[in-house]
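Working notes for the structure below.
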Amino acid sequence: MAQSTYNARVLVLRKTKLGESDLILSLLAQDGSQIRAVAKGARKPTSQFSSRLELYSQADVLLAQGRSLDIVKEARLVAGNAALRESMELAACAAPIVELLDRITQPGLEVPKLFPLTQTGLDVLASADSAHGPAICAAWLLKAFAFLGIRPSLDRCCVCGEPLACEVGSSAHRTIAFSCSEGGVVCDACRVSDVAGLAPETLSWASALLGMRFSDIASIQVDQSCVFDALRLCQTWAQVHASIRLKSLNFLFTCGLF
């Protein structure tokens with residue numbers, strides 16, 4: 001019986017070796033769902049897939065439906081994003097993006113905004129100065145949380161909804177209470193037991209990155225200390241709300257590249 005086939009535009013999230021020459025691919029489809037597929041012979045130098053299905057690349061593929069894994073029949077490269085594999089700094093910033101997608105997306109579960117978000121984020125990251133990489137990564141993570149329905153509250157108490165009037169640099173408020181389990185910043189009246197103290201500058205940067213376009217982030221002067229604090233917030237947030245600890249973020253924190 002002939003296998004049913006379908007076309008899809010995809011982003012390559014993960015590649016796993018299978019046998020002597022095959023690859024298992026985790027792919028993000030345009031509707032935000034995940035496709036798991038086998039690319040037979042993809043590790044052979046002469047394979048058409050070897051340069052068209054690289055990590056971080058975007059491709060148009062023809063797939064045959066399988067029982068557990070689909071099979072890649074054809075692939076046409078749309079955007080290679082080669083800079084994300086050639087630069088260690090940019091690769092370190094792109095890795096948390098695809099790791100979160102690989103672990104949080106599912107076959108048949110559509111989140112349509114994830115594909116254009118990731119497409120734009122990786123395109124801008126590939127052409128950005130490496131110093132802006134962590135800020136673009138943090139912005140993508142925060143935006144992805146919002147699209148996934150787990151956006152942190154950064155300027156209003158997550159318990160009572162009151163806005164938090166705390167200016168950056170204010171000596172009266174050197175830290176702001178933040179509770180991942182409750183959902184964000186917490187005012188003094190609603191303070192809970194598991195709060196952490198975050199600097200106003202960190203929350204200000206996180207809020208700005210959440211609302212800014214990637215292209216604008218790539219052109220501003222960034223405060224790396226605040227950006228990395230925002231990334232640590234994203235790490236804890238993913239662990240609490242999605243039960244995911246991103247190993248690639250741990251590498252970014254300890255690699256010494258920034």
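Please note that chains go A, B, ... in the order of the structure tokens, that every chain numbers its residues from 1, and that ligands are numbered from 1 in the order shown.
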
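Residues with any atom within 12 Å of Asp70 in chain A, counting only C-alpha atoms and excluding same-chain neighbours fewer than 3 positions away, are Gln3, Ser4, Thr5, Tyr6, Asn7, Ala8, Leu23, Ile24, Leu25, Ser26, Leu27, Gln34, Ile35, Arg36, Ala37, Val38, Ala39, Lys40, Val61, Leu62, Leu63, Ala64, Gln65, Gly66, Arg67, Lys73 and Pro107 of chain A.
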
- Message: Neighbouring residues of Leu252 in chain A were defined as those with any atom within 10 Å, considering only C-alpha atoms; residues of the same chain fewer than 6 positions away were excluded. Please report them as a PyMOL selection string.
- Response: chain A and resi 89+91-93+95-96+134+228+231+258

Please produce a file of those selected residues containing all heavy atoms, as a tab-separated table (two decimals), in the first residue's frame.
```tsv
chain	number	residue	atom	x	y	z
A	89	GLU	N	29.47	31.67	19.87
A	89	GLU	CA	28.64	32.57	20.67
A	89	GLU	C	27.18	32.54	20.22
A	89	GLU	O	26.26	32.43	21.05
A	89	GLU	CB	29.17	34.01	20.59
A	89	GLU	CG	30.51	34.25	21.27
A	89	GLU	CD	31.70	33.89	20.39
A	89	GLU	OE1	31.49	33.39	19.26
A	89	GLU	OE2	32.84	34.08	20.83
A	91	ALA	N	25.73	30.17	18.44
A	91	ALA	CA	25.20	28.83	18.66
A	91	ALA	C	24.74	28.65	20.11
A	91	ALA	O	23.71	28.03	20.38
A	91	ALA	CB	26.25	27.78	18.31
A	92	ALA	N	25.51	29.22	21.05
A	92	ALA	CA	25.15	29.11	22.46
A	92	ALA	C	23.84	29.84	22.75
A	92	ALA	O	23.09	29.44	23.65
A	92	ALA	CB	26.27	29.68	23.33
A	93	CYS	N	23.56	30.89	21.99
A	93	CYS	CA	22.32	31.66	22.19
A	93	CYS	C	21.13	31.05	21.44
A	93	CYS	O	19.98	31.25	21.85
A	93	CYS	CB	22.54	33.11	21.75
A	93	CYS	SG	23.77	33.99	22.72
A	95	ALA	N	20.80	27.72	20.92
A	95	ALA	CA	20.51	26.40	21.48
A	95	ALA	C	19.32	26.39	22.45
A	95	ALA	O	18.49	25.47	22.39
A	95	ALA	CB	21.76	25.83	22.14
A	96	PRO	N	19.20	27.36	23.38
A	96	PRO	CA	18.03	27.32	24.28
A	96	PRO	C	16.70	27.45	23.53
A	96	PRO	O	15.69	26.91	23.98
A	96	PRO	CB	18.27	28.52	25.21
A	96	PRO	CG	19.74	28.75	25.18
A	96	PRO	CD	20.15	28.41	23.78
A	134	PRO	N	22.61	37.02	23.72
A	134	PRO	CA	21.85	36.69	24.93
A	134	PRO	C	20.54	37.47	25.06
A	134	PRO	O	19.54	36.92	25.52
A	134	PRO	CB	22.84	37.07	26.06
A	134	PRO	CG	24.18	36.93	25.44
A	134	PRO	CD	24.01	37.40	24.03
A	228	PHE	N	21.43	38.58	31.56
A	228	PHE	CA	21.68	37.25	32.11
A	228	PHE	C	20.81	36.97	33.33
A	228	PHE	O	20.40	35.82	33.56
A	228	PHE	CB	23.17	37.07	32.42
A	228	PHE	CG	23.95	36.52	31.26
A	228	PHE	CD1	24.41	37.37	30.26
A	228	PHE	CD2	24.19	35.17	31.14
A	228	PHE	CE1	25.09	36.87	29.17
A	228	PHE	CE2	24.89	34.66	30.06
A	228	PHE	CZ	25.35	35.51	29.07
A	231	LEU	N	17.67	35.87	31.83
A	231	LEU	CA	17.80	34.49	31.37
A	231	LEU	C	17.69	33.50	32.52
A	231	LEU	O	17.09	32.43	32.38
A	231	LEU	CB	19.13	34.29	30.63
A	231	LEU	CG	19.22	34.87	29.22
A	231	LEU	CD1	20.66	34.85	28.72
A	231	LEU	CD2	18.32	34.10	28.26
A	258	PHE	N	30.64	35.47	27.14
A	258	PHE	CA	30.08	36.81	27.17
A	258	PHE	C	30.52	37.55	28.43
A	258	PHE	O	30.79	36.96	29.45
A	258	PHE	CB	28.55	36.75	27.13
A	258	PHE	CG	28.03	36.10	25.87
A	258	PHE	CD1	27.74	34.73	25.87
A	258	PHE	CD2	27.86	36.83	24.71
A	258	PHE	CE1	27.27	34.12	24.71
A	258	PHE	CE2	27.39	36.23	23.56
A	258	PHE	CZ	27.09	34.87	23.57
```

- Task: For each of A:Val192, A:Glu110, A:Gly184, A:Val124, take the minimum atom-to-atom distance to Pro163 in chain A, counting only C-alpha atoms, then give the residue where this is smallest.
- Result: A:Gly184

- Sel. of helix (DSSP H, G or I) residues, range 177-214 of chain A, as an NGL selection string: :A and (188-190 or 200-211 or 214)

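Each of A:Ser204, A:Ser243, A:Ser51, A:Thr118 was compared to Val185 in chain A using only C-alpha atoms, and A:Ser204 turns out to be the nearest.
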
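CA of Asp60 in chain A sits 26.6 Å away from CA of Met88 in chain A.
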